[in-house]
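**Q** So I've got this file, query.cif, and it contains mmCIF, C-alpha atoms:
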```cif
data_protein
loop_
_atom_site.group_PDB
_atom_site.id
_atom_site.type_symbol
_atom_site.label_atom_id
_atom_site.label_comp_id
_atom_site.auth_asym_id
_atom_site.auth_seq_id
_atom_site.Cartn_x
_atom_site.Cartn_y
_atom_site.Cartn_z
ATOM 1 C CA MET A 262 70.588 -164.800 94.262
ATOM 2 C CA ALA A 263 70.420 -162.843 91.003
ATOM 3 C CA ASN A 264 73.138 -160.493 92.263
ATOM 4 C CA GLU A 265 75.375 -163.439 93.134
ATOM 5 C CA ILE A 266 74.965 -164.875 89.633
ATOM 6 C CA GLU A 267 75.723 -161.494 88.065
ATOM 7 C CA VAL A 268 78.863 -161.053 90.194
ATOM 8 C CA LYS A 269 79.999 -164.570 89.292
ATOM 9 C CA GLN A 270 79.431 -163.898 85.587
ATOM 10 C CA ASP A 271 81.365 -160.611 85.817
ATOM 11 C CA ALA A 272 84.242 -162.399 87.547
ATOM 12 C CA GLN A 273 84.289 -165.104 84.864
ATOM 13 C CA LEU A 274 84.268 -162.490 82.112
ATOM 14 C CA MET A 275 87.089 -160.548 83.770
ATOM 15 C CA GLU A 276 89.154 -163.732 84.132
ATOM 16 C CA SER A 277 88.557 -164.631 80.482
ATOM 17 C CA VAL A 278 89.495 -161.131 79.325
ATOM 18 C CA LEU A 279 92.693 -161.062 81.355
ATOM 19 C CA LEU A 280 93.750 -164.451 80.021
ATOM 20 C CA GLN A 281 93.089 -163.422 76.422
ATOM 21 C CA GLY A 282 94.357 -159.868 76.877
ATOM 22 C CA ASP A 283 91.442 -158.218 75.077
ATOM 23 C CA LEU A 284 89.865 -155.349 77.043
ATOM 24 C CA SER A 285 87.279 -154.676 74.344
ATOM 25 C CA LYS A 286 85.234 -157.550 75.798
ATOM 26 C CA LEU A 287 84.691 -155.574 79.003
ATOM 27 C CA ASN A 288 81.797 -153.187 79.348
ATOM 28 C CA PRO A 289 82.621 -149.504 80.022
ATOM 29 C CA SER A 290 82.289 -149.701 83.821
ATOM 30 C CA GLN A 291 84.457 -152.823 83.913
ATOM 31 C CA ARG A 292 87.136 -151.052 81.846
ATOM 32 C CA VAL A 293 87.156 -148.147 84.292
ATOM 33 C CA ASN A 294 87.448 -150.578 87.201
ATOM 34 C CA TYR A 295 90.239 -152.513 85.492
ATOM 35 C CA TYR A 296 92.165 -149.324 84.664
ATOM 36 C CA GLN A 297 91.958 -148.084 88.241
ATOM 37 C CA LYS A 298 92.954 -151.434 89.717
ATOM 38 C CA VAL A 299 95.977 -151.675 87.429
ATOM 39 C CA CYS A 300 97.106 -148.230 88.562
ATOM 40 C CA GLN A 301 96.510 -149.050 92.233
ATOM 41 C CA SER A 302 98.369 -152.354 91.980
ATOM 42 C CA ILE A 303 101.595 -150.646 90.904
ATOM 43 C CA GLY A 304 101.160 -147.387 92.816
ATOM 44 C CA LEU A 305 100.275 -145.020 89.968
ATOM 45 C CA ASN A 306 97.809 -142.155 90.088
ATOM 46 C CA PRO A 307 94.981 -142.934 87.610
ATOM 47 C CA LEU A 308 94.044 -139.237 87.426
ATOM 48 C CA THR A 309 97.258 -138.551 85.493
ATOM 49 C CA ARG A 310 96.210 -141.098 82.837
ATOM 50 C CA PRO A 311 99.500 -143.038 82.907
ATOM 51 C CA PHE A 312 98.148 -145.524 80.356
ATOM 52 C CA ASP A 313 96.334 -145.279 77.063
ATOM 53 C CA TYR A 314 94.622 -147.903 74.944
ATOM 54 C CA ILE A 315 95.848 -149.478 71.755
ATOM 55 C CA ASN A 316 94.469 -152.038 69.328
ATOM 56 C CA LEU A 317 97.242 -154.564 68.718
ATOM 57 C CA ASN A 318 96.733 -157.793 66.781
ATOM 58 C CA GLY A 319 92.981 -157.302 67.024
ATOM 59 C CA LYS A 320 92.993 -156.901 70.818
ATOM 60 C CA LEU A 321 92.397 -153.824 72.929
ATOM 61 C CA THR A 322 95.164 -153.446 75.500
ATOM 62 C CA LEU A 323 97.012 -150.817 77.528
ATOM 63 C CA TYR A 324 100.390 -149.227 76.907
ATOM 64 C CA ALA A 325 102.488 -147.085 79.240
ATOM 65 C CA LYS A 326 102.770 -143.344 78.634
ATOM 66 C CA LYS A 327 105.442 -140.930 79.802
ATOM 67 C CA ASP A 328 103.596 -140.243 83.066
ATOM 68 C CA ALA A 329 103.723 -143.944 83.908
ATOM 69 C CA ALA A 330 107.479 -144.096 83.427
ATOM 70 C CA ASP A 331 108.013 -140.886 85.422
ATOM 71 C CA GLN A 332 105.967 -142.108 88.380
ATOM 72 C CA LEU A 333 107.546 -145.575 88.311
ATOM 73 C CA ARG A 334 111.024 -144.089 88.187
ATOM 74 C CA ASN A 335 110.266 -142.095 91.319
ATOM 75 C CA LEU A 336 108.515 -144.948 93.157
ATOM 76 C CA HIS A 337 111.254 -147.499 92.506
ATOM 77 C CA GLY A 338 114.225 -145.129 92.717
ATOM 78 C CA VAL A 339 115.370 -145.866 89.174
ATOM 79 C CA SER A 340 118.681 -144.203 88.360
ATOM 80 C CA ILE A 341 120.551 -144.106 85.076
ATOM 81 C CA ASP A 342 124.194 -145.164 85.385
ATOM 82 C CA ASP A 343 125.377 -144.924 81.798
ATOM 83 C CA VAL A 344 124.092 -143.991 78.354
ATOM 84 C CA ASP A 345 126.014 -145.246 75.323
ATOM 85 C CA ILE A 346 124.986 -143.728 71.972
ATOM 86 C CA ILE A 347 125.990 -145.555 68.799
ATOM 87 C CA GLU A 348 125.389 -143.903 65.449
ATOM 88 C CA THR A 349 125.163 -145.975 62.286
ATOM 89 C CA ALA A 350 124.437 -144.865 58.749
ATOM 90 C CA THR A 351 120.690 -145.209 59.301
ATOM 91 C CA GLN A 352 120.018 -145.417 63.033
ATOM 92 C CA PHE A 353 120.772 -144.196 66.531
ATOM 93 C CA ILE A 354 121.259 -147.145 68.899
ATOM 94 C CA VAL A 355 121.258 -146.197 72.576
ATOM 95 C CA LYS A 356 122.268 -148.621 75.322
ATOM 96 C CA VAL A 357 121.093 -147.511 78.767
ATOM 97 C CA LYS A 358 122.336 -149.025 82.020
ATOM 98 C CA GLY A 359 120.720 -148.354 85.381
ATOM 99 C CA HIS A 360 119.628 -149.636 88.769
ATOM 100 C CA ASN A 361 116.731 -149.321 91.204
ATOM 101 C CA LYS A 362 116.724 -148.558 94.927
ATOM 102 C CA ASP A 363 117.026 -152.276 95.735
ATOM 103 C CA GLY A 364 120.286 -152.511 93.828
ATOM 104 C CA ARG A 365 118.884 -154.459 90.908
ATOM 105 C CA THR A 366 120.645 -153.572 87.647
ATOM 106 C CA ASP A 367 119.567 -153.891 84.053
ATOM 107 C CA VAL A 368 120.423 -152.830 80.512
ATOM 108 C CA GLU A 369 117.973 -151.810 77.791
ATOM 109 C CA VAL A 370 118.300 -150.530 74.238
ATOM 110 C CA GLY A 371 116.458 -147.818 72.338
ATOM 111 C CA VAL A 372 116.711 -147.754 68.535
ATOM 112 C CA VAL A 373 115.406 -144.958 66.303
ATOM 113 C CA ASN A 374 115.800 -144.522 62.567
ATOM 114 C CA LYS A 375 117.431 -141.298 61.449
ATOM 115 C CA THR A 376 114.469 -140.675 59.182
ATOM 116 C CA ASP A 377 112.204 -140.409 62.233
ATOM 117 C CA MET A 378 111.332 -136.981 63.646
ATOM 118 C CA GLN A 379 111.153 -135.681 60.060
ATOM 119 C CA GLY A 380 114.868 -136.241 59.591
ATOM 120 C CA ASN A 381 115.882 -133.983 62.502
ATOM 121 C CA LEU A 382 118.946 -135.894 63.724
ATOM 122 C CA ALA A 383 119.141 -134.124 67.089
ATOM 123 C CA ASN A 384 115.573 -135.019 67.946
ATOM 124 C CA ALA A 385 115.922 -138.555 66.587
ATOM 125 C CA GLN A 386 118.887 -139.047 68.910
ATOM 126 C CA MET A 387 116.969 -137.627 71.883
ATOM 127 C CA LYS A 388 114.052 -139.918 71.052
ATOM 128 C CA ALA A 389 116.375 -142.947 71.059
ATOM 129 C CA VAL A 390 117.719 -141.943 74.477
ATOM 130 C CA THR A 391 114.192 -141.450 75.815
ATOM 131 C CA LYS A 392 113.112 -144.804 74.406
ATOM 132 C CA GLY A 393 116.038 -146.570 76.072
ATOM 133 C CA LYS A 394 115.401 -144.892 79.438
ATOM 134 C CA ARG A 395 111.708 -145.756 79.456
ATOM 135 C CA ARG A 396 112.325 -149.365 78.447
ATOM 136 C CA LEU A 397 114.877 -149.608 81.262
ATOM 137 C CA THR A 398 112.427 -148.144 83.781
ATOM 138 C CA LEU A 399 109.659 -150.601 82.875
ATOM 139 C CA SER A 400 112.101 -153.509 82.927
ATOM 140 C CA LEU A 401 113.555 -152.613 86.337
ATOM 141 C CA CYS A 402 110.023 -152.335 87.697
ATOM 142 C CA GLY A 403 109.217 -155.827 86.448
ATOM 143 C CA LEU A 404 106.548 -154.683 83.992
ATOM 144 C CA GLY A 405 106.098 -155.991 80.481
ATOM 145 C CA TRP A 406 104.100 -153.030 79.212
ATOM 146 C CA LEU A 407 104.667 -151.536 75.812
ATOM 147 C CA ASP A 408 105.916 -147.948 76.039
ATOM 148 C CA GLU A 409 104.428 -145.229 73.831
ATOM 149 C CA THR A 410 107.788 -144.767 72.049
ATOM 150 C CA GLU A 411 107.562 -148.442 71.002
ATOM 151 C CA VAL A 412 103.908 -148.192 69.998
ATOM 152 C CA GLN A 413 104.802 -145.528 67.439
ATOM 153 C CA THR A 414 107.056 -148.019 65.610
ATOM 154 C CA ILE A 415 104.611 -150.952 65.401
ATOM 155 C CA PRO A 416 102.948 -150.878 61.948
ATOM 156 C CA ASP A 417 99.702 -152.606 62.975
ATOM 157 C CA ALA A 418 99.292 -150.776 66.289
ATOM 158 C CA ARG A 419 96.328 -148.402 66.335
ATOM 159 C CA PRO A 420 95.725 -146.038 69.272
ATOM 160 C CA VAL A 421 92.153 -146.213 70.543
ATOM 161 C CA ALA A 422 90.470 -143.298 72.319
ATOM 162 C CA VAL A 423 88.788 -144.484 75.526
ATOM 163 C CA ASP A 424 87.177 -142.128 78.031
ATOM 164 C CA THR A 425 88.955 -143.056 81.277
ATOM 165 C CA GLU A 426 86.080 -141.685 83.358
ATOM 166 C CA THR A 427 83.291 -143.630 81.649
ATOM 167 C CA GLY A 428 85.194 -146.433 79.943
ATOM 168 C CA GLU A 429 83.403 -145.715 76.660
ATOM 169 C CA ILE A 430 85.359 -146.329 73.456
ATOM 170 C CA VAL A 431 85.357 -143.029 71.563
ATOM 171 C CA ASP A 432 85.101 -142.853 67.801
ATOM 172 C CA ALA A 433 88.638 -142.310 66.516
ATOM 173 C CA GLU A 434 87.329 -139.456 64.385
ATOM 174 C CA LYS A 435 86.400 -137.561 67.547
ATOM 175 C CA LYS A 436 89.731 -137.970 69.299
ATOM 176 C CA THR A 437 91.324 -134.585 69.982
ATOM 177 C CA ASN A 438 94.764 -133.503 68.864
ATOM 178 C CA PRO A 439 97.613 -133.671 71.415
ATOM 179 C CA VAL A 440 97.111 -129.991 72.246
ATOM 180 C CA LYS A 441 93.975 -129.645 74.370
ATOM 181 C CA GLU A 442 91.760 -127.153 72.585
ATOM 182 C CA PRO A 443 89.181 -124.888 74.272
ATOM 183 C CA GLU A 444 85.588 -125.790 73.465
ATOM 184 C CA ASP A 445 84.877 -122.583 71.602
ATOM 185 C CA GLN A 446 87.925 -122.844 69.350
ATOM 186 C CA THR A 447 86.993 -122.768 65.659
ATOM 187 C CA PRO A 448 87.562 -123.800 62.984
ATOM 188 C CA ASP A 449 88.542 -127.373 63.858
ATOM 189 C CA GLU A 450 91.703 -127.874 61.807
ATOM 190 C CA GLU A 451 94.065 -130.827 61.890
ATOM 191 C CA ARG A 452 97.645 -130.440 63.007
ATOM 192 C CA PRO A 453 100.219 -129.476 61.969
ATOM 193 C CA TYR A 454 98.853 -125.924 61.823
ATOM 194 C CA GLU A 455 99.854 -123.227 59.384
ATOM 195 C CA PRO A 456 101.816 -120.386 61.084
ATOM 196 C CA ALA A 457 98.837 -118.017 61.430
ATOM 197 C CA VAL A 458 96.636 -120.729 62.911
ATOM 198 C CA PHE A 459 99.489 -121.949 65.105
ATOM 199 C CA ARG A 460 99.943 -118.475 66.602
ATOM 200 C CA GLN A 461 96.176 -118.086 67.050
ATOM 201 C CA ARG A 462 95.927 -121.449 68.839
ATOM 202 C CA PHE A 463 98.947 -120.600 70.973
ATOM 203 C CA ASN A 464 97.401 -117.288 72.046
ATOM 204 C CA THR A 465 94.101 -119.001 72.821
ATOM 205 C CA LEU A 466 95.870 -121.628 74.932
ATOM 206 C CA THR A 467 97.736 -118.867 76.758
ATOM 207 C CA ASN A 468 94.430 -117.122 77.530
ATOM 208 C CA VAL A 469 92.938 -120.386 78.788
ATOM 209 C CA LEU A 470 95.909 -120.845 81.140
ATOM 210 C CA GLN A 471 95.566 -117.286 82.420
ATOM 211 C CA LYS A 472 91.913 -117.914 83.252
ATOM 212 C CA LYS A 473 92.675 -121.266 84.863
ATOM 213 C CA TYR A 474 95.685 -120.154 86.926
ATOM 214 C CA LYS A 475 95.569 -116.797 88.657
ATOM 215 C CA GLU A 476 99.278 -117.110 89.359
ATOM 216 C CA LEU A 477 101.278 -119.639 87.361
ATOM 217 C CA LYS A 478 104.814 -120.435 88.461
ATOM 218 C CA VAL A 479 107.464 -122.006 86.259
ATOM 219 C CA THR A 480 110.988 -122.862 87.349
ATOM 220 C CA ASP A 481 114.338 -121.995 85.825
ATOM 221 C CA VAL A 482 114.607 -125.673 84.905
ATOM 222 C CA ASP A 483 111.327 -125.417 82.975
ATOM 223 C CA ARG A 484 112.768 -122.517 80.992
ATOM 224 C CA LYS A 485 115.976 -124.447 80.277
ATOM 225 C CA VAL A 486 113.989 -127.519 79.210
ATOM 226 C CA LEU A 487 111.968 -125.353 76.817
ATOM 227 C CA ALA A 488 115.061 -123.641 75.424
ATOM 228 C CA ALA A 489 116.813 -126.979 74.863
ATOM 229 C CA ALA A 490 113.751 -128.432 73.133
ATOM 230 C CA ILE A 491 113.382 -125.484 70.749
ATOM 231 C CA ASP A 492 117.137 -125.511 70.086
ATOM 232 C CA GLY A 493 116.743 -129.169 69.138
ATOM 233 C CA VAL A 494 114.077 -128.256 66.595
ATOM 234 C CA PHE A 495 116.637 -125.932 64.969
ATOM 235 C CA ASN A 496 119.581 -128.341 65.292
ATOM 236 C CA GLY A 497 121.099 -126.319 68.122
ATOM 237 C CA ASP A 498 120.966 -122.880 66.483
ATOM 238 C CA LYS A 499 119.980 -120.482 69.287
ATOM 239 C CA LEU A 500 119.565 -117.535 66.922
ATOM 240 C CA LEU A 501 116.733 -119.349 65.170
ATOM 241 C CA ARG A 502 115.144 -120.000 68.554
ATOM 242 C CA TYR A 503 115.287 -116.289 69.390
ATOM 243 C CA GLU A 504 113.706 -115.400 66.054
ATOM 244 C CA PHE A 505 110.916 -117.923 66.529
ATOM 245 C CA THR A 506 110.010 -116.966 70.108
ATOM 246 C CA LYS A 507 110.165 -113.265 69.226
ATOM 247 C CA TRP A 508 107.687 -113.858 66.391
ATOM 248 C CA LEU A 509 105.375 -115.965 68.550
ATOM 249 C CA THR A 510 105.430 -114.109 71.866
ATOM 250 C CA GLY A 511 107.114 -110.764 71.297
ATOM 251 C CA THR A 512 109.997 -111.860 73.570
ATOM 252 C CA ALA A 513 113.168 -113.426 72.193
ATOM 253 C CA SER A 514 114.711 -115.162 75.200
ATOM 254 C CA THR A 515 113.020 -118.015 77.067
ATOM 255 C CA LYS A 516 114.488 -116.519 80.248
ATOM 256 C CA ASP A 517 112.194 -113.519 79.832
ATOM 257 C CA LEU A 518 109.022 -115.263 78.643
ATOM 258 C CA ASN A 519 106.043 -114.867 80.936
ATOM 259 C CA PRO A 520 105.084 -118.117 82.733
ATOM 260 C CA TYR A 521 101.940 -118.604 80.656
ATOM 261 C CA HIS A 522 103.938 -118.548 77.421
ATOM 262 C CA VAL A 523 106.404 -121.055 78.866
ATOM 263 C CA LYS A 524 103.616 -123.397 79.942
ATOM 264 C CA ALA A 525 101.747 -123.024 76.654
ATOM 265 C CA LEU A 526 104.827 -123.837 74.568
ATOM 266 C CA MET A 527 105.675 -126.844 76.735
ATOM 267 C CA THR A 528 102.087 -128.041 76.317
ATOM 268 C CA VAL A 529 102.182 -127.613 72.547
ATOM 269 C CA MET A 530 105.482 -129.496 72.324
ATOM 270 C CA GLU A 531 104.435 -132.080 74.953
ATOM 271 C CA ILE A 532 107.618 -131.744 76.976
ATOM 272 C CA LYS A 533 108.159 -131.756 80.732
ATOM 273 C CA SER A 534 111.817 -132.673 81.159
ATOM 274 C CA PHE A 535 115.116 -132.940 79.297
ATOM 275 C CA ASP A 536 114.198 -136.560 78.517
ATOM 276 C CA ASP A 537 111.301 -135.522 76.291
ATOM 277 C CA ALA A 538 111.475 -134.931 72.564
ATOM 278 C CA PRO A 539 108.945 -132.539 70.994
ATOM 279 C CA ASN A 540 106.064 -134.207 69.161
ATOM 280 C CA ASP A 541 106.214 -134.366 65.373
ATOM 281 C CA PHE A 542 103.413 -131.826 64.949
ATOM 282 C CA SER A 543 105.278 -129.137 66.859
ATOM 283 C CA LEU A 544 108.481 -129.735 64.882
ATOM 284 C CA THR A 545 106.688 -128.877 61.656
ATOM 285 C CA GLU A 546 104.739 -126.000 63.203
ATOM 286 C CA ILE A 547 107.747 -124.334 64.837
ATOM 287 C CA ARG A 548 109.912 -124.576 61.738
ATOM 288 C CA SER A 549 107.110 -123.250 59.536
ATOM 289 C CA ALA A 550 106.471 -120.443 62.022
ATOM 290 C CA HIS A 551 110.153 -119.525 61.905
ATOM 291 C CA SER A 552 110.057 -119.402 58.112
ATOM 292 C CA GLU A 553 107.067 -117.091 58.369
ATOM 293 C CA ALA A 554 108.979 -114.887 60.821
ATOM 294 C CA LEU A 555 111.850 -114.584 58.337
ATOM 295 C CA ARG A 556 109.456 -113.832 55.490
ATOM 296 C CA GLU A 557 107.864 -111.036 57.517
ATOM 297 C CA MET A 558 111.362 -109.608 58.073
ATOM 298 C CA GLY A 559 111.911 -109.603 54.313
ATOM 299 C CA GLN A 560 114.383 -112.469 54.174
ATOM 300 C CA GLU A 561 114.417 -114.838 51.232
ATOM 301 C CA GLU A 562 116.519 -117.714 52.595
ATOM 302 C CA PHE A 563 114.915 -120.251 54.910
ATOM 303 C CA PRO A 564 116.939 -122.802 56.923
ATOM 304 C CA PHE A 565 114.300 -125.526 56.930
ATOM 305 C CA ASP A 566 110.893 -125.091 55.332
ATOM 306 C CA ALA A 567 109.880 -123.070 52.326
ATOM 307 C CA PRO A 568 108.011 -119.885 53.250
ATOM 308 C CA PRO A 569 104.230 -120.127 53.507
ATOM 309 C CA ALA A 570 102.313 -119.275 50.367
ATOM 310 C CA GLN A 571 101.267 -115.647 50.226
#
```
Write out the structure in this file as C-alpha cells.

**A**
Amino acid sequence: MANEIEVKQDAQLMESVLLQGDLSKLNPSQRVNYYQKVCQSIGLNPLTRPFDYINLNGKLTLYAKKDAADQLRNLHGVSIDDVDIIETATQFIVKVKGHNKDGRTDVEVGVVNKTDMQGNLANAQMKAVTKGKRRLTLSLCGLGWLDETEVQTIPDARPVAVDTETGEIVDAEKKTNPVKEPEDQTPDEERPYEPAVFRQRFNTLTNVLQKKYKELKVTDVDRKVLAAAIDGVFNGDKLLRYEFTKWLTGTASTKDLNPYHVKALMTVMEIKSFDDAPNDFSLTEIRSAHSEALREMGQEEFPFDAPPAQ
C-alpha cells in the first residue's frame, strides 16, 4: 500500500513538473529517468548527452546540443536544400531551406551579430549558418527545443551543470571547462589559456588520447574539417595556420599531423564537421599561440593579438 502511494505521489509530481516545465522540482533519480525517457521518445542515445540543462526564467529545463541535432538529422533524413546568406552592417542573417525524408519542407533563420566570435567575421558567418541549420533540423523534427546556439544569445539564460548519471545538480563553480581535463592536471586555470599553458594542456590531452586509444584513426575529412576551422580563426590565411600548427605540434600541415594531434585539436576547438564553428576560448588561444610563435621567430608584427608579455 505504501509503495502504491509513493508511486502515485511520484506520478503526480512528474505531471506537475512537466506542466510547469521546471525540472528542478524533480529529485536526482527522477531527473535521470526523465532525461532517459526524453531521449528514448525521440530516438536519441542518452550516452552522447544530446541535451544539457539551463535555468531560464527561474525554471530548470533542457536545451538541445549539437549531438541532438546531428542524430535527429540522421534519423529523420533532414537535407539542406538552400542556404541564403545576407550581410548587413551589423549582422549575418542566414535563411536555410530544407526537407526531411517524408518530403516535409521548412525554412528557418539564423542571425548572428558581427561582434560575436570576438569580431571574427568568418566565424560569425559560420555560426549563423550553423544556427540556421540546427533550427531547421529541430523544426522539421517537430521539436520546440532551444538549441545551444540560441541559448548563448539569451541574456537571462544560465547553463546549469547536472550529472546525467546521478541527476545531481552540480555547483556551477565545479563545472569543468569545455576541454575535458585529466584528473592530475594542475594548476586549475580558467580558459582561455596563455600560450605556454595552452601547449602544455594540448600535450597532456594528446598523451591521454594515446593511452586511451592504442590505434586512433582519423579520416581525410577530419583533417579537412580541422584545416578549415583553423583557417577560419585566421580569416582564411593558410600561412598563419601552418605557423600555428608548426609551433604547437612540430608539423605544419594538417595532412601530416599524427591522428592524436588531429583529435586533440578538434576536441579543444569542439568541432566535428564543417558545420561547427570553433568555441570562443579556442579562438583566443589559437591566435595568442600564433603570436607567441611569431615572437619566438623574432618577428615584431602580429596579425591579431599583441605578443604575450615576456

**Q** Would you mind listing what lies within 12 Å of region 365-367 of chain A as a PDB file with C-alpha atoms, in the frame of the given file, with all atoms listed in the file counted and same-chain residues fewer than 3 positions away left out?

**A**
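What follows is the written file part_0.pdb:
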```
ATOM      1  CA  HIS A 337     111.254-147.499  92.506  1.00  0.00           C
ATOM      2  CA  GLY A 338     114.225-145.129  92.717  1.00  0.00           C
ATOM      3  CA  VAL A 339     115.370-145.866  89.174  1.00  0.00           C
ATOM      4  CA  SER A 340     118.681-144.203  88.360  1.00  0.00           C
ATOM      5  CA  ILE A 341     120.551-144.106  85.076  1.00  0.00           C
ATOM      6  CA  ASP A 342     124.194-145.164  85.385  1.00  0.00           C
ATOM      7  CA  ASP A 343     125.377-144.924  81.798  1.00  0.00           C
ATOM      8  CA  LYS A 356     122.268-148.621  75.322  1.00  0.00           C
ATOM      9  CA  VAL A 357     121.093-147.511  78.767  1.00  0.00           C
ATOM     10  CA  LYS A 358     122.336-149.025  82.020  1.00  0.00           C
ATOM     11  CA  GLY A 359     120.720-148.354  85.381  1.00  0.00           C
ATOM     12  CA  HIS A 360     119.628-149.636  88.769  1.00  0.00           C
ATOM     13  CA  ASN A 361     116.731-149.321  91.204  1.00  0.00           C
ATOM     14  CA  LYS A 362     116.724-148.558  94.927  1.00  0.00           C
ATOM     15  CA  VAL A 370     118.300-150.530  74.238  1.00  0.00           C
ATOM     16  CA  GLY A 393     116.038-146.570  76.072  1.00  0.00           C
ATOM     17  CA  LYS A 394     115.401-144.892  79.438  1.00  0.00           C
ATOM     18  CA  ARG A 396     112.325-149.365  78.447  1.00  0.00           C
ATOM     19  CA  LEU A 397     114.877-149.608  81.262  1.00  0.00           C
ATOM     20  CA  THR A 398     112.427-148.144  83.781  1.00  0.00           C
ATOM     21  CA  LEU A 399     109.659-150.601  82.875  1.00  0.00           C
ATOM     22  CA  SER A 400     112.101-153.509  82.927  1.00  0.00           C
ATOM     23  CA  LEU A 401     113.555-152.613  86.337  1.00  0.00           C
ATOM     24  CA  CYS A 402     110.023-152.335  87.697  1.00  0.00           C
ATOM     25  CA  GLY A 403     109.217-155.827  86.448  1.00  0.00           C
TER      26      GLY A 403
END
```

**Q** For the file shown, report as a list in words the outcome of the PyMOL selection byres ((chain A and resi 454) around 10) at residue level.

**A**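 With the shown file as input, the PyMOL selection byres ((chain A and resi 454) around 10) matches Glu450, Glu451, Arg452, Pro453, Glu455, Pro456, Ala457, Val458, Phe459, Arg460, Gln461, Arg462, Phe542, Ser543, Thr545, Glu546, Ile547, Ser549 and Ala550 of chain A.
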
**Q** Could you write those residues out with C-alpha atoms, as a PDB file, keeping the file's coordinate frame?

**A**
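File produced: selection_16.pdb:
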```pdb
ATOM      1  CA  GLU A 450      91.703-127.874  61.807  1.00  0.00           C
ATOM      2  CA  GLU A 451      94.065-130.827  61.890  1.00  0.00           C
ATOM      3  CA  ARG A 452      97.645-130.440  63.007  1.00  0.00           C
ATOM      4  CA  PRO A 453     100.219-129.476  61.969  1.00  0.00           C
ATOM      5  CA  GLU A 455      99.854-123.227  59.384  1.00  0.00           C
ATOM      6  CA  PRO A 456     101.816-120.386  61.084  1.00  0.00           C
ATOM      7  CA  ALA A 457      98.837-118.017  61.430  1.00  0.00           C
ATOM      8  CA  VAL A 458      96.636-120.729  62.911  1.00  0.00           C
ATOM      9  CA  PHE A 459      99.489-121.949  65.105  1.00  0.00           C
ATOM     10  CA  ARG A 460      99.943-118.475  66.602  1.00  0.00           C
ATOM     11  CA  GLN A 461      96.176-118.086  67.050  1.00  0.00           C
ATOM     12  CA  ARG A 462      95.927-121.449  68.839  1.00  0.00           C
ATOM     13  CA  PHE A 542     103.413-131.826  64.949  1.00  0.00           C
ATOM     14  CA  SER A 543     105.278-129.137  66.859  1.00  0.00           C
ATOM     15  CA  THR A 545     106.688-128.877  61.656  1.00  0.00           C
ATOM     16  CA  GLU A 546     104.739-126.000  63.203  1.00  0.00           C
ATOM     17  CA  ILE A 547     107.747-124.334  64.837  1.00  0.00           C
ATOM     18  CA  SER A 549     107.110-123.250  59.536  1.00  0.00           C
ATOM     19  CA  ALA A 550     106.471-120.443  62.022  1.00  0.00           C
TER      20      ALA A 550
END
```

**Q** Between CA of Glu531 (chain A) and CA of Lys327 (chain A), what distance in Å does the model show, to one decimal?

**A**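 Distance reported for this atom pair: 10.1 Å.
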
**Q** Give me, as an NGL selection string, all polymer residues having an atom no more than 10 Å from region 345-348 of chain A, counting only C-alpha atoms and skipping those fewer than 2 positions away in the same chain.

**A** :A and (343 or 350-358 or 370-372 or 375 or 386 or 389-390)

**Q** Just say which residues the PyMOL selection byres ((chain A and resi 489-506) around 7) picks in this file, as an MDAnalysis selection string.

**A** chainID A and resid 383:384 485:488 507:514 538:539 544 550:551 554

**Q** How would you write, as a PyMOL selection string, the residues chosen by the PyMOL selection byres ((chain A and resi 297-307) around 9) on this structure?

**A** chain A and resi 292-296+308-312+329+332-333+336+425

**Q** One number please: CA of Leu526 (chain A) to CA of Asn464 (chain A), in Å, one decimal.

**A** 10.2 Å

**Q** Nearest to Asp424 (chain A): which of A:Arg484, A:Tyr314, A:Ser534, A:Met558 is it, counting only C-alpha atoms?

**A**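 Checking each candidate against Asp424 (chain A), we get A:Tyr314 as the closest.
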
**Q** Mind giving me the straight-line distance from CA of Thr480 (chain A) to CA of Lys516 (chain A) in Å, one decimal?

**A** 10.1 Å

**Q** Which residue is closest to Lys524 (chain A)? Choose from A:Thr427, A:Asn288, A:Gln471, A:Asn374 and count all atoms listed in the file.

**A**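 Using all atoms listed in the file, Lys524 (chain A) sits closest to A:Gln471.
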
**Q** From the set A:Met530, A:Leu323, A:Val423, A:Val479, which residue has the shortest atom-to-atom contact distance to Pro289 (chain A), counting all atoms listed in the file?

**A** A:Val423

**Q** Rank A:Val368, A:Leu470, A:Leu382, A:Ala418 by their smallest atom-to-atom distance to Ile315 (chain A), using all atoms listed in the file, and report the top residue only.

**A**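 When distances to Ile315 (chain A) are compared using all atoms listed in the file, the smallest one comes from A:Ala418.
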
**Q** Find the residue from A:Asp481, A:Asp537, A:Asp517, A:Asp363 that sits nearest to Asp328 (chain A); use only C-alpha atoms when measuring.

**A**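 For Asp328 (chain A), the nearest of the given residues is A:Asp537.
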